[in-house]
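**Student:** Pasting data.cif here (mmCIF, C-alpha atoms):
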```cif
data_query
#
loop_
_atom_site.group_PDB
_atom_site.id
_atom_site.type_symbol
_atom_site.label_atom_id
_atom_site.label_comp_id
_atom_site.auth_asym_id
_atom_site.auth_seq_id
_atom_site.Cartn_x
_atom_site.Cartn_y
_atom_site.Cartn_z
ATOM 1 C CA MET A 1 84.116 121.119 106.624
ATOM 2 C CA ILE A 2 84.026 117.636 105.142
ATOM 3 C CA THR A 3 84.159 117.181 101.362
ATOM 4 C CA LEU A 4 83.489 113.703 100.008
ATOM 5 C CA ARG A 5 85.498 112.197 97.148
ATOM 6 C CA LYS A 6 83.480 109.247 95.849
ATOM 7 C CA ALA A 7 85.144 106.085 94.612
ATOM 8 C CA GLN A 8 83.634 106.264 91.133
ATOM 9 C CA ASP A 9 84.956 109.801 90.626
ATOM 10 C CA ARG A 10 88.581 108.652 90.825
ATOM 11 C CA GLY A 11 90.754 108.091 87.784
ATOM 12 C CA HIS A 12 90.763 104.522 86.505
ATOM 13 C CA ALA A 13 93.309 102.634 84.407
ATOM 14 C CA GLN A 14 93.575 99.032 83.242
ATOM 15 C CA HIS A 15 96.833 97.822 81.775
ATOM 16 C CA GLY A 16 96.856 94.699 79.644
ATOM 17 C CA GLY A 17 94.694 92.711 82.002
ATOM 18 C CA TRP A 18 97.430 92.510 84.655
ATOM 19 C CA LEU A 19 96.833 95.800 86.507
ATOM 20 C CA ASP A 20 93.609 97.446 87.653
ATOM 21 C CA SER A 21 94.344 100.823 89.226
ATOM 22 C CA TRP A 22 92.212 103.576 90.743
ATOM 23 C CA HIS A 23 93.789 107.009 91.265
ATOM 24 C CA THR A 24 92.470 109.300 94.015
ATOM 25 C CA PHE A 25 94.675 112.117 92.694
ATOM 26 C CA SER A 26 96.120 112.923 89.270
ATOM 27 C CA PHE A 27 98.532 110.198 88.215
ATOM 28 C CA GLY A 28 99.851 108.813 84.923
ATOM 29 C CA ASP A 29 97.323 109.410 82.144
ATOM 30 C CA TYR A 30 94.694 110.626 84.624
ATOM 31 C CA TYR A 31 94.864 114.385 85.068
ATOM 32 C CA ASP A 32 92.435 116.618 86.930
ATOM 33 C CA PRO A 33 93.768 120.060 87.959
ATOM 34 C CA LYS A 34 91.347 119.997 90.910
ATOM 35 C CA GLN A 35 92.770 116.685 92.156
ATOM 36 C CA MET A 36 96.522 117.215 92.453
ATOM 37 C CA GLY A 37 96.777 116.049 96.057
ATOM 38 C CA PHE A 38 95.863 117.409 99.474
ATOM 39 C CA ARG A 39 98.390 119.199 101.674
ATOM 40 C CA ALA A 40 101.525 116.960 101.638
ATOM 41 C CA LEU A 41 99.531 113.965 100.378
ATOM 42 C CA ARG A 42 100.186 113.557 96.644
ATOM 43 C CA VAL A 43 99.105 110.041 95.551
ATOM 44 C CA ILE A 44 96.755 107.306 96.714
ATOM 45 C CA ASN A 45 96.610 104.510 94.147
ATOM 46 C CA GLU A 46 94.483 101.437 94.772
ATOM 47 C CA ASP A 47 96.108 98.651 92.749
ATOM 48 C CA ARG A 48 95.134 95.084 91.987
ATOM 49 C CA VAL A 49 97.847 93.073 90.262
ATOM 50 C CA ALA A 50 97.255 89.724 88.557
ATOM 51 C CA PRO A 51 99.130 86.596 89.717
ATOM 52 C CA GLY A 52 102.801 86.578 88.770
ATOM 53 C CA LYS A 53 102.659 90.092 87.265
ATOM 54 C CA GLY A 54 103.988 93.418 88.454
ATOM 55 C CA PHE A 55 106.024 96.551 87.979
ATOM 56 C CA PRO A 56 109.590 96.043 86.667
ATOM 57 C CA THR A 57 112.404 98.149 88.092
ATOM 58 C CA HIS A 58 111.726 101.874 87.834
ATOM 59 C CA SER A 59 113.089 104.967 89.579
ATOM 60 C CA HIS A 60 111.786 107.597 91.985
ATOM 61 C CA ARG A 61 113.273 110.556 93.811
ATOM 62 C CA ASP A 62 112.217 113.170 96.371
ATOM 63 C CA MET A 63 109.144 111.287 97.562
ATOM 64 C CA GLU A 64 108.062 109.303 100.628
ATOM 65 C CA ILE A 65 106.404 106.143 99.262
ATOM 66 C CA VAL A 66 104.197 104.159 101.642
ATOM 67 C CA THR A 67 102.738 100.787 100.647
ATOM 68 C CA TYR A 68 99.800 99.261 102.544
ATOM 69 C CA VAL A 69 98.833 95.698 101.617
ATOM 70 C CA LEU A 70 95.173 94.716 101.909
ATOM 71 C CA ASP A 71 95.142 91.180 100.466
ATOM 72 C CA GLY A 72 97.655 88.852 98.849
ATOM 73 C CA ALA A 73 101.442 89.010 98.732
ATOM 74 C CA LEU A 74 103.580 91.741 97.180
ATOM 75 C CA GLU A 75 107.267 91.155 96.497
ATOM 76 C CA HIS A 76 109.566 94.184 96.773
ATOM 77 C CA ARG A 77 113.157 94.622 95.534
ATOM 78 C CA ASP A 78 115.162 97.851 95.443
ATOM 79 C CA SER A 79 118.547 99.315 94.529
ATOM 80 C CA MET A 80 119.450 99.642 98.234
ATOM 81 C CA GLY A 81 119.596 95.847 98.434
ATOM 82 C CA ASN A 82 116.297 95.355 100.240
ATOM 83 C CA GLY A 83 113.922 92.531 99.438
ATOM 84 C CA SER A 84 110.732 91.359 101.095
ATOM 85 C CA VAL A 85 107.299 89.852 100.559
ATOM 86 C CA MET A 86 104.583 92.018 102.059
ATOM 87 C CA LYS A 87 101.246 90.627 103.217
ATOM 88 C CA SER A 88 98.092 92.009 104.842
ATOM 89 C CA GLY A 89 98.996 94.144 107.844
ATOM 90 C CA ASP A 90 102.394 95.141 106.471
ATOM 91 C CA VAL A 91 103.276 98.809 106.013
ATOM 92 C CA GLN A 92 106.389 99.762 104.078
ATOM 93 C CA ARG A 93 108.087 103.141 103.723
ATOM 94 C CA MET A 94 110.653 103.922 101.066
ATOM 95 C CA THR A 95 112.380 107.311 101.077
ATOM 96 C CA ALA A 96 113.292 107.927 97.449
ATOM 97 C CA GLY A 97 115.391 111.012 98.277
ATOM 98 C CA THR A 98 118.353 111.407 95.926
ATOM 99 C CA GLY A 99 117.083 108.493 93.844
ATOM 100 C CA VAL A 100 116.191 104.830 94.183
ATOM 101 C CA GLY A 101 115.059 102.067 91.844
ATOM 102 C CA HIS A 102 112.583 99.374 92.851
ATOM 103 C CA SER A 103 110.305 96.674 91.509
ATOM 104 C CA GLU A 104 107.026 95.266 92.819
ATOM 105 C CA PHE A 105 105.525 91.950 91.760
ATOM 106 C CA ASN A 106 102.664 89.773 92.860
ATOM 107 C CA ALA A 107 104.461 87.015 94.768
ATOM 108 C CA SER A 108 101.650 84.523 94.068
ATOM 109 C CA LYS A 109 101.162 82.584 90.835
ATOM 110 C CA THR A 110 97.492 81.931 91.627
ATOM 111 C CA GLU A 111 96.028 84.820 93.669
ATOM 112 C CA PRO A 112 95.776 88.563 92.956
ATOM 113 C CA VAL A 113 97.345 91.134 95.257
ATOM 114 C CA HIS A 114 95.437 94.225 96.409
ATOM 115 C CA PHE A 115 97.300 97.160 97.911
ATOM 116 C CA LEU A 116 97.460 100.922 98.306
ATOM 117 C CA GLN A 117 100.482 102.898 97.213
ATOM 118 C CA ILE A 118 100.744 106.324 98.813
ATOM 119 C CA TRP A 119 103.094 109.167 97.945
ATOM 120 C CA ILE A 120 103.814 111.915 100.467
ATOM 121 C CA LEU A 121 105.884 114.997 99.636
ATOM 122 C CA PRO A 122 108.960 115.037 101.910
ATOM 123 C CA GLU A 123 109.878 117.993 104.077
ATOM 124 C CA ALA A 124 113.237 118.354 102.293
ATOM 125 C CA ARG A 125 114.776 117.430 98.958
ATOM 126 C CA ASN A 126 117.754 115.143 98.379
ATOM 127 C CA LEU A 127 117.270 113.035 101.494
ATOM 128 C CA GLU A 128 119.328 109.892 101.869
ATOM 129 C CA PRO A 129 117.334 106.944 100.446
ATOM 130 C CA GLY A 130 115.878 104.663 103.093
ATOM 131 C CA TYR A 131 113.599 101.698 103.633
ATOM 132 C CA GLU A 132 111.509 100.368 106.496
ATOM 133 C CA GLN A 133 108.751 97.780 106.905
ATOM 134 C CA LYS A 134 106.604 96.890 109.912
ATOM 135 C CA ASN A 135 103.619 94.636 110.572
ATOM 136 C CA PHE A 136 100.462 95.801 112.329
ATOM 137 C CA PRO A 137 98.256 92.805 113.253
ATOM 138 C CA LYS A 138 94.603 93.321 112.463
ATOM 139 C CA GLN A 139 93.606 92.606 116.067
ATOM 140 C CA ASP A 140 95.599 95.684 117.104
ATOM 141 C CA LEU A 141 93.504 97.857 114.754
ATOM 142 C CA LYS A 142 90.081 96.531 115.725
ATOM 143 C CA GLY A 143 87.641 99.238 116.754
ATOM 144 C CA LYS A 144 90.268 101.964 116.966
ATOM 145 C CA LEU A 145 92.764 104.055 115.052
ATOM 146 C CA ARG A 146 96.438 103.255 115.505
ATOM 147 C CA VAL A 147 99.339 105.382 114.280
ATOM 148 C CA VAL A 148 101.290 103.270 111.772
ATOM 149 C CA ALA A 149 103.519 106.019 110.325
ATOM 150 C CA SER A 150 104.683 109.394 111.598
ATOM 151 C CA ARG A 151 107.493 111.919 111.537
ATOM 152 C CA GLU A 152 108.682 110.642 114.914
ATOM 153 C CA GLY A 153 108.626 106.964 113.963
ATOM 154 C CA ALA A 154 107.984 106.172 117.628
ATOM 155 C CA ALA A 155 106.441 103.131 119.304
ATOM 156 C CA GLY A 156 106.900 100.769 116.403
ATOM 157 C CA GLN A 157 105.664 103.213 113.790
ATOM 158 C CA VAL A 158 107.163 103.611 110.332
ATOM 159 C CA LEU A 159 109.083 106.894 110.041
ATOM 160 C CA VAL A 160 107.983 109.406 107.383
ATOM 161 C CA HIS A 161 109.986 112.538 106.609
ATOM 162 C CA GLN A 162 107.041 114.923 106.779
ATOM 163 C CA ASP A 163 104.747 116.436 109.421
ATOM 164 C CA VAL A 164 102.057 113.794 108.976
ATOM 165 C CA LYS A 165 100.512 110.965 110.947
ATOM 166 C CA LEU A 166 99.047 107.976 109.162
ATOM 167 C CA LEU A 167 96.557 106.008 111.231
ATOM 168 C CA ALA A 168 94.818 102.745 110.356
ATOM 169 C CA GLY A 169 91.805 101.082 111.900
ATOM 170 C CA THR A 170 89.113 98.473 111.337
ATOM 171 C CA PHE A 171 85.515 98.987 112.424
ATOM 172 C CA GLY A 172 82.820 96.338 112.546
ATOM 173 C CA GLU A 173 79.152 97.209 112.800
ATOM 174 C CA GLY A 174 78.634 99.657 115.658
ATOM 175 C CA GLU A 175 82.318 99.956 116.581
ATOM 176 C CA ALA A 176 83.247 103.607 116.912
ATOM 177 C CA GLU A 177 86.006 106.015 117.830
ATOM 178 C CA GLN A 178 86.417 109.764 117.961
ATOM 179 C CA TYR A 179 89.538 111.435 116.609
ATOM 180 C CA THR A 180 90.468 114.979 117.588
ATOM 181 C CA LEU A 181 92.254 117.236 115.123
ATOM 182 C CA ALA A 182 94.503 119.879 116.641
ATOM 183 C CA PRO A 183 93.839 123.495 115.600
ATOM 184 C CA GLY A 184 95.154 124.169 112.114
ATOM 185 C CA ARG A 185 95.409 120.473 111.217
ATOM 186 C CA HIS A 186 93.655 118.818 108.285
ATOM 187 C CA ALA A 187 92.744 115.220 107.520
ATOM 188 C CA TRP A 188 92.197 112.914 104.593
ATOM 189 C CA LEU A 189 90.278 109.724 105.319
ATOM 190 C CA HIS A 190 90.340 106.858 102.807
ATOM 191 C CA VAL A 191 88.045 103.852 103.112
ATOM 192 C CA ALA A 192 89.974 100.787 101.982
ATOM 193 C CA ARG A 193 87.028 98.417 102.333
ATOM 194 C CA GLY A 194 83.606 98.081 103.907
ATOM 195 C CA LYS A 195 81.335 100.930 105.009
ATOM 196 C CA LEU A 196 81.386 103.398 107.874
ATOM 197 C CA LEU A 197 79.914 106.689 109.004
ATOM 198 C CA VAL A 198 82.144 109.749 109.310
ATOM 199 C CA ASN A 199 80.354 112.431 111.340
ATOM 200 C CA GLY A 200 77.121 110.812 110.197
ATOM 201 C CA GLN A 201 77.985 110.628 106.483
ATOM 202 C CA GLU A 202 78.253 107.138 104.988
ATOM 203 C CA LEU A 203 81.378 106.197 103.051
ATOM 204 C CA SER A 204 81.999 102.950 101.194
ATOM 205 C CA ALA A 205 85.109 101.220 99.859
ATOM 206 C CA GLY A 206 87.150 103.614 97.715
ATOM 207 C CA ASP A 207 85.416 106.719 99.055
ATOM 208 C CA ALA A 208 87.362 109.439 100.826
ATOM 209 C CA ALA A 209 86.704 112.504 102.969
ATOM 210 C CA GLN A 210 88.721 115.716 102.843
ATOM 211 C CA VAL A 211 88.563 117.409 106.245
ATOM 212 C CA SER A 212 89.378 120.983 107.237
ATOM 213 C CA ASP A 213 88.121 123.167 110.103
ATOM 214 C CA GLU A 214 86.669 120.218 111.998
ATOM 215 C CA ALA A 215 87.664 119.664 115.617
ATOM 216 C CA THR A 216 86.452 116.083 115.896
ATOM 217 C CA LEU A 217 85.806 113.145 113.615
ATOM 218 C CA GLU A 218 83.559 110.309 114.727
ATOM 219 C CA LEU A 219 84.069 107.029 112.873
ATOM 220 C CA ARG A 220 81.374 104.386 113.254
ATOM 221 C CA GLY A 221 81.456 101.049 111.475
ATOM 222 C CA VAL A 222 78.549 99.946 109.281
ATOM 223 C CA SER A 223 80.047 96.796 107.769
ATOM 224 C CA GLU A 224 83.635 95.589 108.367
ATOM 225 C CA ALA A 225 85.377 98.811 107.374
ATOM 226 C CA GLU A 226 89.133 99.303 107.082
ATOM 227 C CA VAL A 227 90.269 102.915 106.928
ATOM 228 C CA LEU A 228 93.375 105.052 106.641
ATOM 229 C CA LEU A 229 93.394 108.519 108.215
ATOM 230 C CA PHE A 230 96.066 111.078 107.327
ATOM 231 C CA ASP A 231 96.532 113.851 109.914
ATOM 232 C CA LEU A 232 98.216 116.666 107.960
ATOM 233 C CA ALA A 233 99.723 120.078 108.606
#
```
Transcribe the structure of this file into structure tokens.

**Tutor:**
Amino acid sequence: MITLRKAQDRGHAQHGGWLDSWHTFSFGDYYDPKQMGFRALRVINEDRVAPGKGFPTHSHRDMEIVTYVLDGALEHRDSMGNGSVMKSGDVQRMTAGTGVGHSEFNASKTEPVHFLQIWILPEARNLEPGYEQKNFPKQDLKGKLRVVASREGAAGQVLVHQDVKLLAGTFGEGEAEQYTLAPGRHAWLHVARGKLLVNGQELSAGDAAQVSDEATLELRGVSEAEVLLFDLA
């Protein structure tokens, strides 16, 4: 069964002209008891941050936080001593565990930054805080799904402390791939940009598909789509 979650049905918040944020699941002032997450997936926020603006240092714990940059440059600093500027193709994982503070700012004074912040419930509480960042060139995602994060953290993937695979792919017009879900597995597919067909149903930027009791997903590009697929227990 595939249940669509349309972009316009998400929660929406604008903060002082510097942040435009869309919430797939309940977050901040947006609360919907029917949208509290899916399996271990708790948050997908699509954020656009104005030049030179951002989130000052704040704290998290007991969460796997994955950041996926679509456009622009995002500067990260945390209480573990890590610092980086993330750009398109970069995937970052921060294990909040027993507690970590971090800040995120648009590294550009002239261009906005557009990114997804994803929260995944960890398989255990009070994990040791950790940080990891890897780059996945767009040419390696073209016309296929590639695992960018997993519990195993193998083959250049970012490690996530949960039984989940996060795959990313880009699909131009007519480009297609089939993805097989193992028995008992579920999926959440988020369209970051463009349009594609999922088992014949068209999804556009910001749309999502909740998938259960489906053996196979066929993804077929309509117009320069970029997608994230979560394979979940």

**Student:** Check what the PyMOL selection byres ((chain A and resi 7-12) around 9) selects in the file above and give those residues as a list in words.

**Tutor:**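 With the shown file as input, the PyMOL selection byres ((chain A and resi 7-12) around 9) matches Arg5, Lys6, Ala13, Gln14, Asp20, Ser21, Trp22, His23, Thr24, Phe25, Ser26, Phe27, Asp29, Tyr30, Tyr31, Asp32, Ser204, Ala205, Gly206, Asp207 and Ala208 of chain A.
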
**Student:** List as JSON lines every residue of stretch 53-97 of chain A that is in contact with stretch 140-156 of chain A, defined as an atom at most 10 Å from one of its atoms (using only C-alpha atoms), together with the nearest atom pair and the distance in Å rounded to one decimal, sorted by chain and then rising number.

**Tutor:**
```
{"residue": "A:Val66", "atom": "CA", "partner": "A:Ala149", "partner_atom": "CA", "distance": 8.9}
{"residue": "A:Gly89", "atom": "CA", "partner": "A:Leu141", "partner_atom": "CA", "distance": 9.6}
{"residue": "A:Asp90", "atom": "CA", "partner": "A:Val148", "partner_atom": "CA", "distance": 9.8}
{"residue": "A:Val91", "atom": "CA", "partner": "A:Val148", "partner_atom": "CA", "distance": 7.6}
{"residue": "A:Gln92", "atom": "CA", "partner": "A:Ala149", "partner_atom": "CA", "distance": 9.3}
{"residue": "A:Arg93", "atom": "CA", "partner": "A:Ala149", "partner_atom": "CA", "distance": 8.5}
```

**Student:** By how many Å are atom CA of A:Glu132 and atom CA of A:Met63 apart?

**Tutor:**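 Calculated distance between atom CA of A:Glu132 and atom CA of A:Met63 is 14.3 Å.
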
**Student:** For A:Glu111, find every residue with an atom within 8 Å (counting only C-alpha atoms), except residues of its own chain fewer than 4 positions away, and show them as an MDAnalysis selection string.

**Tutor:** chainID A and resid 50:51 72

**Student:** When distances are computed from only C-alpha atoms, which of A:Ser88, A:Gln162, A:Ser108, A:Ser103 shows the smallest separation from A:His76?

**Tutor:**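 With only C-alpha atoms as the atom set, the closest residue is A:Ser103.
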
**Student:** So which one's closest to A:Leu217, A:Gln201, A:Asn126, A:Gln178, A:Gln35? Using only C-alpha atoms, please.

**Tutor:**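 Closest to A:Leu217 of all the choices is A:Gln178.
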
**Student:** Using only C-alpha atoms, pick whichever of A:Met80, A:Leu167, A:Leu189, A:Leu19 has the shortest atom-to-atom distance to A:Phe115.

**Tutor:** A:Leu19

**Student:** Which residue gives the smallest distance to A:Glu224 among A:Arg185, A:Ile120, A:Leu197, A:Phe171, with only C-alpha atoms counted?

**Tutor:**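 Checking each of A:Arg185, A:Ile120, A:Leu197, A:Phe171 against A:Glu224, counting only C-alpha atoms, the winner is A:Phe171.
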